[in-house]
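Student: Sending over query_31.txt (compact mmCIF, C-alpha atoms (C1' of nucleotides)).
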```txt
# COMPACT_ATOMS: atom_id res chain seq x y z
CA MET O 1 -4.00 16.82 8.48
CA ALA O 2 -5.36 13.51 9.65
CA GLU O 3 -3.37 11.03 7.67
CA ARG O 4 -5.18 7.95 6.62
CA ILE O 5 -5.27 5.12 9.14
CA SER O 6 -4.71 1.66 7.71
CA ASP O 7 -6.76 -1.41 8.53
CA ALA O 8 -4.18 -2.87 10.87
CA GLU O 9 -3.77 0.45 12.59
CA HIS O 10 -7.50 0.71 12.97
CA SER O 11 -7.58 -2.50 14.98
CA VAL O 12 -5.14 -0.95 17.38
CA MET O 13 -7.26 2.17 17.64
CA GLU O 14 -10.30 0.09 18.50
CA VAL O 15 -8.54 -1.33 21.54
CA LEU O 16 -7.74 2.14 22.77
CA TRP O 17 -11.14 3.54 22.02
CA ASN O 18 -12.45 0.81 24.20
CA ASP O 19 -10.17 1.47 27.11
CA ALA O 20 -7.38 3.99 27.47
CA PRO O 21 -4.71 4.81 28.32
CA LEU O 22 -2.91 1.52 28.01
CA THR O 23 0.67 0.34 27.64
CA ALA O 24 1.99 -1.35 24.50
CA ASN O 25 2.01 -4.70 26.25
CA VAL O 26 -1.57 -4.55 27.35
CA ILE O 27 -2.65 -3.40 23.91
CA ALA O 28 -0.78 -6.31 22.37
CA SER O 29 -2.45 -8.83 24.69
CA ARG O 30 -5.88 -7.47 23.95
CA LEU O 31 -5.16 -7.77 20.26
CA THR O 32 -3.94 -11.33 20.32
CA SER O 33 -7.50 -12.45 20.86
CA THR O 34 -8.32 -11.20 17.38
CA GLN O 35 -5.01 -10.94 15.53
CA SER O 36 -1.89 -13.05 15.64
CA TRP O 37 0.61 -10.27 15.73
CA SER O 38 3.91 -10.27 17.51
CA LEU O 39 4.59 -7.62 20.11
CA ALA O 40 6.99 -6.02 17.64
CA THR O 41 4.24 -5.63 15.10
CA VAL O 42 1.96 -3.95 17.57
CA LYS O 43 4.76 -1.62 18.60
CA THR O 44 5.32 -0.63 14.99
CA LEU O 45 1.66 0.11 14.54
CA LEU O 46 1.65 2.17 17.71
CA SER O 47 4.61 4.23 16.51
CA ARG O 48 2.98 4.83 13.19
CA LEU O 49 -0.20 5.94 14.86
CA VAL O 50 1.74 8.34 17.05
CA ALA O 51 3.49 9.65 13.93
CA LYS O 52 0.11 10.12 12.31
CA LYS O 53 -1.04 11.97 15.42
CA ALA O 54 -3.87 9.54 15.99
CA LEU O 55 -2.41 8.67 19.37
CA THR O 56 -0.60 10.60 22.02
CA THR O 57 1.75 9.20 24.61
CA GLN O 58 2.26 10.00 28.20
CA THR O 59 5.29 8.70 30.02
CA GLU O 60 4.73 6.50 32.97
CA GLY O 61 8.11 5.53 34.37
CA ARG O 62 9.95 3.90 31.53
CA LYS O 63 6.83 3.08 29.57
CA PHE O 64 4.39 4.92 27.44
CA LEU O 65 0.73 5.14 28.05
CA TYR O 66 -1.04 5.45 24.73
CA HIS O 67 -4.10 7.57 24.43
CA PRO O 68 -6.34 8.20 21.43
CA ALA O 69 -5.97 11.68 19.98
CA LEU O 70 -8.61 10.94 17.42
CA GLN O 71 -12.22 10.46 18.46
CA ARG O 72 -13.71 7.20 17.33
CA SER O 73 -16.81 9.06 16.36
CA ASP O 74 -14.83 11.38 14.11
CA TYR O 75 -13.04 8.49 12.51
CA VAL O 76 -16.30 6.69 11.90
CA THR O 77 -17.84 9.80 10.40
CA ASP O 78 -14.91 10.28 8.07
CA GLU O 79 -14.84 6.69 6.93
CA SER O 80 -18.57 6.59 6.38
CA LYS O 81 -18.44 9.79 4.46
CA ARG O 82 -15.63 8.45 2.32
CA LEU O 83 -17.68 5.43 1.39
CA VAL O 84 -20.86 7.34 0.74
CA ASP O 85 -18.99 9.87 -1.39
CA ARG O 86 -17.14 7.24 -3.32
CA LEU O 87 -19.99 4.86 -3.96
CA PHE O 88 -23.18 6.81 -3.66
CA GLY O 89 -22.28 10.25 -4.86
CA GLY O 90 -22.42 11.58 -1.34
CA LYS O 91 -26.11 10.84 -0.99
CA LEU O 92 -27.39 8.62 1.77
CA THR O 93 -30.63 7.45 0.29
CA PRO O 94 -28.92 5.44 -2.43
CA LEU O 95 -27.02 3.62 0.30
CA PHE O 96 -30.28 2.58 1.87
CA THR O 97 -31.88 1.75 -1.41
CA HIS O 98 -28.94 -0.43 -2.18
CA MET O 99 -29.01 -2.19 1.13
CA ALA O 100 -32.70 -2.71 0.86
CA GLU O 101 -32.35 -4.22 -2.60
CA GLN O 102 -29.50 -6.35 -1.43
CA GLU O 103 -31.59 -7.57 1.45
CA THR O 104 -28.85 -6.53 3.74
CA LEU O 105 -31.71 -5.02 5.68
CA SER O 106 -33.58 -7.49 7.82
CA ALA O 107 -37.12 -6.99 9.01
CA GLU O 108 -35.77 -6.05 12.43
CA ASP O 109 -33.40 -3.56 10.89
CA ILE O 110 -36.30 -1.95 9.17
CA ALA O 111 -38.34 -1.83 12.35
CA GLU O 112 -35.47 -0.39 14.35
CA ILE O 113 -34.70 2.23 11.78
CA GLU O 114 -38.31 3.19 11.55
CA ALA O 115 -38.45 3.66 15.30
CA LEU O 116 -35.31 5.71 15.13
CA LEU O 117 -36.75 7.91 12.43
CA LYS O 118 -39.87 8.45 14.40
CA ALA O 119 -37.76 9.55 17.35
CA LEU O 120 -35.84 11.97 15.17
CA LYS O 121 -38.90 13.83 14.13
CA PRO O 122 -40.01 16.52 16.54
CA MET G 1 -11.33 -14.81 -5.07
CA ALA G 2 -12.14 -11.23 -5.91
CA GLU G 3 -8.96 -9.44 -5.02
CA ARG G 4 -9.33 -6.09 -3.45
CA ILE G 5 -9.68 -3.17 -5.84
CA SER G 6 -7.72 -0.06 -4.93
CA ASP G 7 -9.06 3.47 -4.94
CA ALA G 8 -7.39 4.38 -8.22
CA GLU G 9 -8.60 1.18 -9.81
CA HIS G 10 -12.08 1.89 -8.58
CA SER G 11 -12.16 5.16 -10.52
CA VAL G 12 -11.42 3.20 -13.66
CA MET G 13 -14.16 0.73 -12.88
CA GLU G 14 -16.65 3.56 -12.50
CA VAL G 15 -16.00 4.68 -16.04
CA LEU G 16 -16.70 1.22 -17.33
CA TRP G 17 -19.74 0.67 -15.18
CA ASN G 18 -21.06 3.76 -16.74
CA ASP G 19 -20.44 2.75 -20.29
CA ALA G 20 -18.79 -0.34 -21.67
CA PRO G 21 -17.01 -1.75 -23.50
CA LEU G 22 -14.46 0.98 -24.12
CA THR G 23 -10.89 1.20 -25.31
CA ALA G 24 -8.03 2.29 -23.10
CA ASN G 25 -7.87 5.62 -24.83
CA VAL G 26 -11.50 6.45 -24.33
CA ILE G 27 -11.30 5.39 -20.72
CA ALA G 28 -8.31 7.63 -20.22
CA SER G 29 -10.07 10.62 -21.75
CA ARG G 30 -13.12 10.13 -19.60
CA LEU G 31 -10.90 9.97 -16.55
CA THR G 32 -8.97 13.12 -17.26
CA SER G 33 -12.01 15.14 -16.31
CA THR G 34 -11.63 13.89 -12.75
CA GLN G 35 -8.04 12.70 -12.43
CA SER G 36 -4.83 13.96 -13.91
CA TRP G 37 -3.36 10.68 -14.93
CA SER G 38 -1.21 9.98 -17.92
CA LEU G 39 -2.36 7.42 -20.46
CA ALA G 40 0.38 5.13 -19.14
CA THR G 41 -1.09 5.25 -15.67
CA VAL G 42 -4.54 4.36 -16.88
CA LYS G 43 -3.11 1.48 -18.89
CA THR G 44 -1.36 0.15 -15.81
CA LEU G 45 -4.57 0.30 -13.83
CA LEU G 46 -6.41 -1.48 -16.62
CA SER G 47 -3.84 -4.29 -16.67
CA ARG G 48 -4.05 -4.69 -12.95
CA LEU G 49 -7.81 -4.85 -13.11
CA VAL G 50 -7.63 -7.51 -15.79
CA ALA G 51 -5.14 -9.43 -13.63
CA LYS G 52 -7.56 -9.16 -10.74
CA LYS G 53 -10.31 -10.43 -13.01
CA ALA G 54 -12.41 -7.35 -12.46
CA LEU G 55 -12.30 -6.63 -16.17
CA THR G 56 -12.29 -8.78 -19.24
CA THR G 57 -10.96 -7.83 -22.63
CA GLN G 58 -12.19 -8.49 -26.05
CA THR G 59 -9.98 -7.87 -29.02
CA GLU G 60 -11.15 -5.42 -31.56
CA GLY G 61 -8.57 -5.24 -34.30
CA ARG G 62 -5.37 -4.38 -32.58
CA LYS G 63 -7.04 -2.87 -29.54
CA PHE G 64 -8.74 -4.18 -26.48
CA LEU G 65 -12.24 -3.42 -25.51
CA TYR G 66 -12.50 -3.51 -21.76
CA HIS G 67 -15.60 -4.81 -20.12
CA PRO G 68 -16.48 -5.08 -16.43
CA ALA G 69 -16.42 -8.63 -15.11
CA LEU G 70 -17.48 -7.42 -11.72
CA GLN G 71 -20.94 -6.01 -11.19
CA ARG G 72 -20.96 -2.56 -9.68
CA SER G 73 -23.73 -3.63 -7.43
CA ASP G 74 -21.64 -6.51 -6.08
CA TYR G 75 -18.70 -4.25 -5.52
CA VAL G 76 -20.84 -1.75 -3.70
CA THR G 77 -22.35 -4.46 -1.54
CA ASP G 78 -18.93 -5.79 -0.60
CA GLU G 79 -17.52 -2.40 0.23
CA SER G 80 -20.54 -1.40 2.24
CA LYS G 81 -20.43 -4.65 4.12
CA ARG G 82 -16.75 -4.17 4.85
CA LEU G 83 -17.43 -0.78 6.35
CA VAL G 84 -20.40 -1.89 8.37
CA ASP G 85 -18.50 -4.90 9.67
CA ARG G 86 -15.43 -2.92 10.52
CA LEU G 87 -17.08 0.05 12.15
CA PHE G 88 -20.49 -1.04 13.29
CA GLY G 89 -20.05 -4.65 14.24
CA GLY G 90 -21.92 -5.72 11.15
CA LYS G 91 -25.13 -4.09 12.32
CA LEU G 92 -26.85 -1.50 10.21
CA THR G 93 -28.78 0.34 12.87
CA PRO G 94 -25.64 1.72 14.51
CA LEU G 95 -24.62 3.14 11.13
CA PHE G 96 -27.92 4.83 10.96
CA THR G 97 -27.81 6.05 14.54
CA HIS G 98 -24.37 7.42 13.93
CA MET G 99 -25.41 9.30 10.84
CA ALA G 100 -28.43 10.67 12.60
CA GLU G 101 -26.31 11.91 15.51
CA GLN G 102 -23.78 13.35 13.15
CA GLU G 103 -26.54 15.19 11.37
CA THR G 104 -25.34 13.68 8.17
CA LEU G 105 -29.01 13.04 7.68
CA SER G 106 -31.00 15.95 6.42
CA ALA G 107 -34.73 16.30 6.83
CA GLU G 108 -35.17 15.28 3.22
CA ASP G 109 -33.00 12.24 3.75
CA ILE G 110 -35.21 11.22 6.60
CA ALA G 111 -38.35 11.69 4.59
CA GLU G 112 -36.97 9.76 1.64
CA ILE G 113 -35.80 6.91 3.77
CA GLU G 114 -39.12 6.75 5.53
CA ALA G 115 -40.88 6.48 2.22
CA LEU G 116 -38.44 3.82 1.18
CA LEU G 117 -39.05 1.81 4.29
CA LYS G 118 -42.77 2.10 3.89
CA ALA G 119 -42.47 0.73 0.39
CA LEU G 120 -40.41 -2.16 1.66
CA LYS G 121 -43.09 -3.36 3.98
CA PRO G 122 -45.63 -5.66 2.41
C1' DG B 1 6.11 -0.99 -49.67
C1' DC B 2 7.65 2.31 -46.17
C1' DC B 3 7.23 5.09 -42.16
C1' DA B 4 4.99 7.33 -38.47
C1' DT B 5 1.72 6.23 -35.15
C1' DT B 6 -0.26 3.68 -31.62
C1' DC B 7 -1.26 -0.52 -29.01
C1' DG B 8 -0.51 -3.40 -25.07
C1' DA B 9 3.50 -5.47 -22.45
C1' DC B 10 7.06 -4.76 -19.64
C1' DT B 11 9.89 -2.16 -16.53
C1' DA B 12 10.57 1.38 -12.95
C1' DC B 13 10.38 3.48 -8.75
C1' DA B 14 8.67 5.90 -4.55
C1' DT B 15 5.32 5.36 -0.83
C1' DT B 16 2.34 2.85 2.21
C1' DT B 17 1.23 -1.20 4.60
C1' DG B 18 1.80 -5.67 6.93
C1' DT B 19 4.81 -8.03 9.56
C1' DA B 20 8.73 -8.58 12.44
C1' DG B 21 13.74 -8.58 14.04
C1' DT B 22 17.69 -6.09 16.42
C1' DC B 23 19.71 -2.60 19.42
C1' DT B 24 20.46 0.34 23.30
C1' DA B 25 19.38 1.98 27.62
C1' DA B 26 17.00 1.75 31.82
C1' DA B 27 15.16 -0.70 35.69
C1' DG B 28 14.28 -4.09 38.96
C1' DG B 29 15.68 -8.39 41.49
C1' DC B 30 18.72 -10.15 44.53
C1' DG A 1 26.54 -3.36 42.26
C1' DC A 2 25.56 -6.87 38.65
C1' DC A 3 22.66 -9.19 35.46
C1' DT A 4 18.48 -10.26 33.31
C1' DT A 5 14.48 -8.38 31.59
C1' DT A 6 12.07 -5.15 29.05
C1' DA A 7 10.79 -0.63 26.81
C1' DG A 8 10.78 2.05 22.86
C1' DA A 9 13.79 3.22 18.65
C1' DC A 10 15.58 1.80 14.63
C1' DT A 11 16.05 -1.29 10.76
C1' DA A 12 14.22 -4.70 7.40
C1' DC A 13 11.81 -6.34 3.78
C1' DA A 14 8.00 -8.09 0.80
C1' DA A 15 3.58 -6.84 -1.20
C1' DA A 16 0.36 -3.45 -2.78
C1' DT A 17 -0.43 0.98 -4.70
C1' DG A 18 0.17 5.34 -7.26
C1' DT A 19 2.32 7.06 -11.00
C1' DA A 20 4.65 6.83 -15.30
C1' DG A 21 8.34 5.72 -18.93
C1' DT A 22 10.09 2.53 -22.67
C1' DC A 23 9.78 -1.07 -26.18
C1' DG A 24 8.56 -4.12 -29.88
C1' DA A 25 4.93 -5.12 -32.92
C1' DA A 26 1.10 -4.13 -35.67
C1' DT A 27 -1.27 -0.92 -38.57
C1' DG A 28 -2.86 2.51 -41.50
C1' DG A 29 -1.81 6.51 -44.56
C1' DC A 30 0.19 7.56 -48.60
```
Using structure tokens, write down the structure from this file.

Tutor:
Amino acid sequence: MAERISDAEHSVMEVLWNDAPLTANVIASRLTSTQSWSLATVKTLLSRLVAKKALTTQTEGRKFLYHPALQRSDYVTDESKRLVDRLFGGKLTPLFTHMAEQETLSAEDIAEIEALLKALKP
Amino acid sequence: MAERISDAEHSVMEVLWNDAPLTANVIASRLTSTQSWSLATVKTLLSRLVAKKALTTQTEGRKFLYHPALQRSDYVTDESKRLVDRLFGGKLTPLFTHMAEQETLSAEDIAEIEALLKALKP
DNA sequence: GCCATTCGACTACATTTGTAGTCTAAAGGC
DNA sequence: GCCTTTAGACTACAAATGTAGTCGAATGGC
């Protein structure tokens, strides 16, 4: 189930998570702001994503309307979990410790997270 | 610089971050507890890591002693940053929010992180 | 001193990924 | 009713990755 989505494919998914359904052409235009891919490349990525069941298509006249079949939130959860498992033995605190040590955490980050934690507690 | 390290290669790095320097054979044995790779496979991964300058070698008699040239901490920082950039627009709070929503955060996690944050503040 | 062992180097090969071109059929303009 | 445009399908191909076999040289046991 859920074959791995590559980096390039992920960019395509982002477009559709942002706004769907869309046609291949529209997707390609939206991507050209970030990537310099030819239409053909985008079409290949779309096909692969359909093959991987990350997208579904719906026919509109002669075209396809692409629609995400995978929730962004689920994808994000999976990818985050992968990283945490791989690098921090599945534990979250080491991730934070690391980021804190690395000063990847700014003062605002800390404040925001603290507020968030406060809100989480009943 | 710093070419990307693949998943398989990363497993090899973990062994050496844990204990180094080691010979190919020892590395392979340590890996067989987790992976089912042949010695040949491990050797290939080692060569690739040396080519990528993630490992250095030191000759000991006829053998090589492999030694990490890349700090685990740096690798972890890079990978974490990659994920945060890719999925959370480079911001950490959304990562946190996401994990909180996903209930990837247990009560203990929350407590630990709170303590950590407290310690971080002067 | 010879031979079996063992090392790293080199070679191999399928799969995935990044990137894109070509083909065939339909559709829309006029 | 044609012809140009255009859509998705199919093909292409290099690089990276996962996985492993083979080879020549050095070495250590005896």

Student: Please indicate the distance in Å from atom CA of O:Arg62 to atom CA of O:Glu9, rounded to one decimal place.

Tutor: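 Interatomic distance here is 23.6 Å.
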
Student: Closest to chain B among G:Ala54, G:Ala40, G:Ala69, G:Leu16, using all atoms listed in the file?

Tutor: G:Ala40

Student: Name all residues at most 12 Å from O:Leu83 (count all atoms listed in the file; drop same-chain ones fewer than 3 positions away) and give them as an MDAnalysis selection string.

Tutor: (chainID O and resid 76:80 86:92 94:95) or (chainID G and resid 7 10 75:84)

Student: Can I get the selection written as a compact mmCIF listing (two decimals), in the coordinates of the input, with C-alpha atoms?

Tutor:
```txt
# COMPACT_ATOMS: atom_id res chain seq x y z
CA VAL O 76 -16.30 6.69 11.90
CA THR O 77 -17.84 9.80 10.40
CA ASP O 78 -14.91 10.28 8.07
CA GLU O 79 -14.84 6.69 6.93
CA SER O 80 -18.57 6.59 6.38
CA ARG O 86 -17.14 7.24 -3.32
CA LEU O 87 -19.99 4.86 -3.96
CA PHE O 88 -23.18 6.81 -3.66
CA GLY O 89 -22.28 10.25 -4.86
CA GLY O 90 -22.42 11.58 -1.34
CA LYS O 91 -26.11 10.84 -0.99
CA LEU O 92 -27.39 8.62 1.77
CA PRO O 94 -28.92 5.44 -2.43
CA LEU O 95 -27.02 3.62 0.30
CA ASP G 7 -9.06 3.47 -4.94
CA HIS G 10 -12.08 1.89 -8.58
CA TYR G 75 -18.70 -4.25 -5.52
CA VAL G 76 -20.84 -1.75 -3.70
CA THR G 77 -22.35 -4.46 -1.54
CA ASP G 78 -18.93 -5.79 -0.60
CA GLU G 79 -17.52 -2.40 0.23
CA SER G 80 -20.54 -1.40 2.24
CA LYS G 81 -20.43 -4.65 4.12
CA ARG G 82 -16.75 -4.17 4.85
CA LEU G 83 -17.43 -0.78 6.35
CA VAL G 84 -20.40 -1.89 8.37
```

Student: I'd like the superposed copy of chain G - fitted to chain O by least squares over all paired Cα atoms - as an mmCIF file with C-alpha atoms, in the frame of the given file.

Tutor:
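Final output, result_36.cif:
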```cif
data_model
loop_
_atom_site.group_PDB
_atom_site.id
_atom_site.type_symbol
_atom_site.label_atom_id
_atom_site.label_comp_id
_atom_site.auth_asym_id
_atom_site.auth_seq_id
_atom_site.Cartn_x
_atom_site.Cartn_y
_atom_site.Cartn_z
ATOM 1 C CA MET G 1 -4.228 16.894 8.464
ATOM 2 C CA ALA G 2 -5.459 13.584 9.771
ATOM 3 C CA GLU G 3 -3.471 11.117 7.754
ATOM 4 C CA ARG G 4 -5.257 8.040 6.674
ATOM 5 C CA ILE G 5 -5.283 5.180 9.161
ATOM 6 C CA SER G 6 -4.693 1.734 7.706
ATOM 7 C CA ASP G 7 -6.721 -1.357 8.474
ATOM 8 C CA ALA G 8 -4.118 -2.808 10.819
ATOM 9 C CA GLU G 9 -3.746 0.509 12.577
ATOM 10 C CA HIS G 10 -7.481 0.733 12.937
ATOM 11 C CA SER G 11 -7.541 -2.510 14.924
ATOM 12 C CA VAL G 12 -5.117 -0.946 17.358
ATOM 13 C CA MET G 13 -7.245 2.154 17.636
ATOM 14 C CA GLU G 14 -10.274 0.041 18.483
ATOM 15 C CA VAL G 15 -8.510 -1.376 21.498
ATOM 16 C CA LEU G 16 -7.751 2.082 22.758
ATOM 17 C CA TRP G 17 -11.175 3.463 22.026
ATOM 18 C CA ASN G 18 -12.437 0.717 24.169
ATOM 19 C CA ASP G 19 -10.179 1.370 27.081
ATOM 20 C CA ALA G 20 -7.411 3.892 27.475
ATOM 21 C CA PRO G 21 -4.750 4.732 28.322
ATOM 22 C CA LEU G 22 -2.917 1.435 27.992
ATOM 23 C CA THR G 23 0.655 0.291 27.613
ATOM 24 C CA ALA G 24 1.985 -1.356 24.487
ATOM 25 C CA ASN G 25 2.034 -4.704 26.188
ATOM 26 C CA VAL G 26 -1.559 -4.596 27.280
ATOM 27 C CA ILE G 27 -2.621 -3.442 23.854
ATOM 28 C CA ALA G 28 -0.747 -6.318 22.296
ATOM 29 C CA SER G 29 -2.383 -8.858 24.587
ATOM 30 C CA ARG G 30 -5.830 -7.533 23.863
ATOM 31 C CA LEU G 31 -5.106 -7.771 20.165
ATOM 32 C CA THR G 32 -3.882 -11.328 20.197
ATOM 33 C CA SER G 33 -7.432 -12.495 20.706
ATOM 34 C CA THR G 34 -8.269 -11.203 17.240
ATOM 35 C CA GLN G 35 -4.963 -10.912 15.398
ATOM 36 C CA SER G 36 -1.839 -12.989 15.492
ATOM 37 C CA TRP G 37 0.668 -10.222 15.622
ATOM 38 C CA SER G 38 3.961 -10.216 17.412
ATOM 39 C CA LEU G 39 4.624 -7.580 20.046
ATOM 40 C CA ALA G 40 7.037 -5.968 17.582
ATOM 41 C CA THR G 41 4.282 -5.555 15.042
ATOM 42 C CA VAL G 42 1.971 -3.909 17.514
ATOM 43 C CA LYS G 43 4.756 -1.568 18.583
ATOM 44 C CA THR G 44 5.339 -0.557 14.984
ATOM 45 C CA LEU G 45 1.667 0.180 14.517
ATOM 46 C CA LEU G 46 1.639 2.217 17.709
ATOM 47 C CA SER G 47 4.595 4.307 16.530
ATOM 48 C CA ARG G 48 2.969 4.928 13.212
ATOM 49 C CA LEU G 49 -0.226 5.994 14.900
ATOM 50 C CA VAL G 50 1.686 8.395 17.107
ATOM 51 C CA ALA G 51 3.443 9.752 14.004
ATOM 52 C CA LYS G 52 0.057 10.223 12.392
ATOM 53 C CA LYS G 53 -1.108 12.014 15.516
ATOM 54 C CA ALA G 54 -3.925 9.572 16.062
ATOM 55 C CA LEU G 55 -2.468 8.666 19.431
ATOM 56 C CA THR G 56 -0.667 10.595 22.092
ATOM 57 C CA THR G 57 1.673 9.184 24.680
ATOM 58 C CA GLN G 58 2.169 9.956 28.258
ATOM 59 C CA THR G 59 5.187 8.670 30.082
ATOM 60 C CA GLU G 60 4.618 6.459 33.017
ATOM 61 C CA GLY G 61 7.972 5.520 34.453
ATOM 62 C CA ARG G 62 9.860 3.989 31.619
ATOM 63 C CA LYS G 63 6.770 3.084 29.633
ATOM 64 C CA PHE G 64 4.329 4.918 27.476
ATOM 65 C CA LEU G 65 0.673 5.085 28.083
ATOM 66 C CA TYR G 66 -1.086 5.419 24.776
ATOM 67 C CA HIS G 67 -4.170 7.517 24.489
ATOM 68 C CA PRO G 68 -6.403 8.174 21.483
ATOM 69 C CA ALA G 69 -6.037 11.662 20.051
ATOM 70 C CA LEU G 70 -8.663 10.915 17.478
ATOM 71 C CA GLN G 71 -12.260 10.421 18.506
ATOM 72 C CA ARG G 72 -13.739 7.159 17.342
ATOM 73 C CA SER G 73 -16.842 8.982 16.378
ATOM 74 C CA ASP G 74 -14.868 11.327 14.121
ATOM 75 C CA TYR G 75 -13.068 8.447 12.530
ATOM 76 C CA VAL G 76 -16.305 6.638 11.904
ATOM 77 C CA THR G 77 -17.867 9.737 10.406
ATOM 78 C CA ASP G 78 -14.933 10.235 8.063
ATOM 79 C CA GLU G 79 -14.861 6.648 6.924
ATOM 80 C CA SER G 80 -18.585 6.516 6.401
ATOM 81 C CA LYS G 81 -18.479 9.729 4.458
ATOM 82 C CA ARG G 82 -15.668 8.400 2.303
ATOM 83 C CA LEU G 83 -17.708 5.357 1.418
ATOM 84 C CA VAL G 84 -20.881 7.257 0.742
ATOM 85 C CA ASP G 85 -19.022 9.771 -1.399
ATOM 86 C CA ARG G 86 -17.160 7.145 -3.323
ATOM 87 C CA LEU G 87 -20.002 4.752 -3.951
ATOM 88 C CA PHE G 88 -23.202 6.697 -3.643
ATOM 89 C CA GLY G 89 -22.334 10.132 -4.899
ATOM 90 C CA GLY G 90 -22.437 11.474 -1.380
ATOM 91 C CA LYS G 91 -26.133 10.737 -1.024
ATOM 92 C CA LEU G 92 -27.396 8.546 1.754
ATOM 93 C CA THR G 93 -30.637 7.366 0.240
ATOM 94 C CA PRO G 94 -28.895 5.342 -2.466
ATOM 95 C CA LEU G 95 -26.945 3.552 0.268
ATOM 96 C CA PHE G 96 -30.180 2.714 1.883
ATOM 97 C CA THR G 97 -31.861 1.681 -1.346
ATOM 98 C CA HIS G 98 -28.922 -0.516 -2.131
ATOM 99 C CA MET G 99 -29.012 -2.234 1.216
ATOM 100 C CA ALA G 100 -32.722 -2.737 0.942
ATOM 101 C CA GLU G 101 -32.367 -4.313 -2.506
ATOM 102 C CA GLN G 102 -29.519 -6.442 -1.321
ATOM 103 C CA GLU G 103 -31.650 -7.636 1.544
ATOM 104 C CA THR G 104 -28.907 -6.624 3.869
ATOM 105 C CA LEU G 105 -31.769 -5.131 5.792
ATOM 106 C CA SER G 106 -33.699 -7.524 7.928
ATOM 107 C CA ALA G 107 -37.227 -6.931 9.115
ATOM 108 C CA GLU G 108 -35.871 -6.013 12.519
ATOM 109 C CA ASP G 109 -33.450 -3.573 10.964
ATOM 110 C CA ILE G 110 -36.321 -1.906 9.226
ATOM 111 C CA ALA G 111 -38.359 -1.692 12.377
ATOM 112 C CA GLU G 112 -35.459 -0.304 14.376
ATOM 113 C CA ILE G 113 -34.623 2.274 11.792
ATOM 114 C CA GLU G 114 -38.226 3.327 11.552
ATOM 115 C CA ALA G 115 -38.335 3.856 15.272
ATOM 116 C CA LEU G 116 -35.118 5.785 15.055
ATOM 117 C CA LEU G 117 -36.454 8.033 12.363
ATOM 118 C CA LYS G 118 -39.623 8.642 14.279
ATOM 119 C CA ALA G 119 -37.579 9.724 17.257
ATOM 120 C CA LEU G 120 -35.596 12.081 15.084
ATOM 121 C CA LYS G 121 -38.617 14.012 14.011
ATOM 122 C CA PRO G 122 -39.639 16.783 16.353
#
```

Student: Could you make a table, as a tab-separated table, of the residues of chain G that have an atom within 8 Å of an atom of chain A, each with its nearest atom pair and distance in Å to one decimal, counting all atoms listed in the file, in chain and number order?

Tutor:
```
residue	atom	partner	partner_atom	distance
G:Ser6	CA	A:DT17	C1'	7.4
G:Ala8	CA	A:DG18	C1'	7.7
G:Trp37	CA	A:DT19	C1'	7.8
G:Ser38	CA	A:DA20	C1'	7.2
G:Ala40	CA	A:DA20	C1'	6.0
G:Thr41	CA	A:DA20	C1'	6.0
G:Arg62	CA	A:DA26	C1'	7.2
```

Student: Restricting it to C-alpha atoms, dump the selection as a PDB file, in the coordinates of the input.

Tutor:
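In the end it all went to out09.pdb:
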```
ATOM      1  CA  SER G   6      -7.720  -0.060  -4.930  1.00  0.00           C
ATOM      2  CA  ALA G   8      -7.390   4.380  -8.220  1.00  0.00           C
ATOM      3  CA  TRP G  37      -3.360  10.680 -14.930  1.00  0.00           C
ATOM      4  CA  SER G  38      -1.210   9.980 -17.920  1.00  0.00           C
ATOM      5  CA  ALA G  40       0.380   5.130 -19.140  1.00  0.00           C
ATOM      6  CA  THR G  41      -1.090   5.250 -15.670  1.00  0.00           C
ATOM      7  CA  ARG G  62      -5.370  -4.380 -32.580  1.00  0.00           C
TER       8      ARG G  62
END
```

Student: For a test of reading the model, state the distance in Å between atom CA of G:Leu70 and atom CA of G:Leu55, rounded to one decimal.

Tutor: 6.9 Å

Student: List every residue of chain B that has an atom at most 12 Å from any atom of chain O, and for each one report the closest atom pair and its distance in Å to one decimal, counting all atoms listed in the file, with rows sorted by chain and then by increasing residue number, as JSON lines.

Tutor:
```
{"residue": "B:DT16", "atom": "C1'", "partner": "O:Ser6", "partner_atom": "CA", "distance": 9.0}
{"residue": "B:DT17", "atom": "C1'", "partner": "O:Ser6", "partner_atom": "CA", "distance": 7.3}
{"residue": "B:DG18", "atom": "C1'", "partner": "O:Ala8", "partner_atom": "CA", "distance": 7.7}
{"residue": "B:DT19", "atom": "C1'", "partner": "O:Thr41", "partner_atom": "CA", "distance": 6.1}
{"residue": "B:DA20", "atom": "C1'", "partner": "O:Thr41", "partner_atom": "CA", "distance": 6.0}
{"residue": "B:DG21", "atom": "C1'", "partner": "O:Ala40", "partner_atom": "CA", "distance": 8.1}
{"residue": "B:DT22", "atom": "C1'", "partner": "O:Ala40", "partner_atom": "CA", "distance": 10.8}
{"residue": "B:DA25", "atom": "C1'", "partner": "O:Arg62", "partner_atom": "CA", "distance": 10.4}
{"residue": "B:DA26", "atom": "C1'", "partner": "O:Arg62", "partner_atom": "CA", "distance": 7.4}
{"residue": "B:DA27", "atom": "C1'", "partner": "O:Arg62", "partner_atom": "CA", "distance": 8.1}
{"residue": "B:DG28", "atom": "C1'", "partner": "O:Arg62", "partner_atom": "CA", "distance": 11.7}
```

Student: Looking at G:Ala51, G:Glu3, G:His67, G:Met13, which one is nearest to chain O, with distances taken over only C-alpha atoms?

Tutor: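 Answer, going by the shortest atom-to-atom distance: G:Met13.
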
Student: Under the rule that all atoms listed in the file are counted, which of G:Ala115, G:Asp85, G:Glu14, G:Ser73 is the nearest residue to O:Gln102?

Tutor: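 Checking each candidate against O:Gln102, we get G:Ser73 as the closest.
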
Student: When you draw a straight line from atom CA of G:Thr93 to atom CA of O:Ile110, how long is it in Å?

Tutor: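 These two atoms are separated by 8.7 Å.
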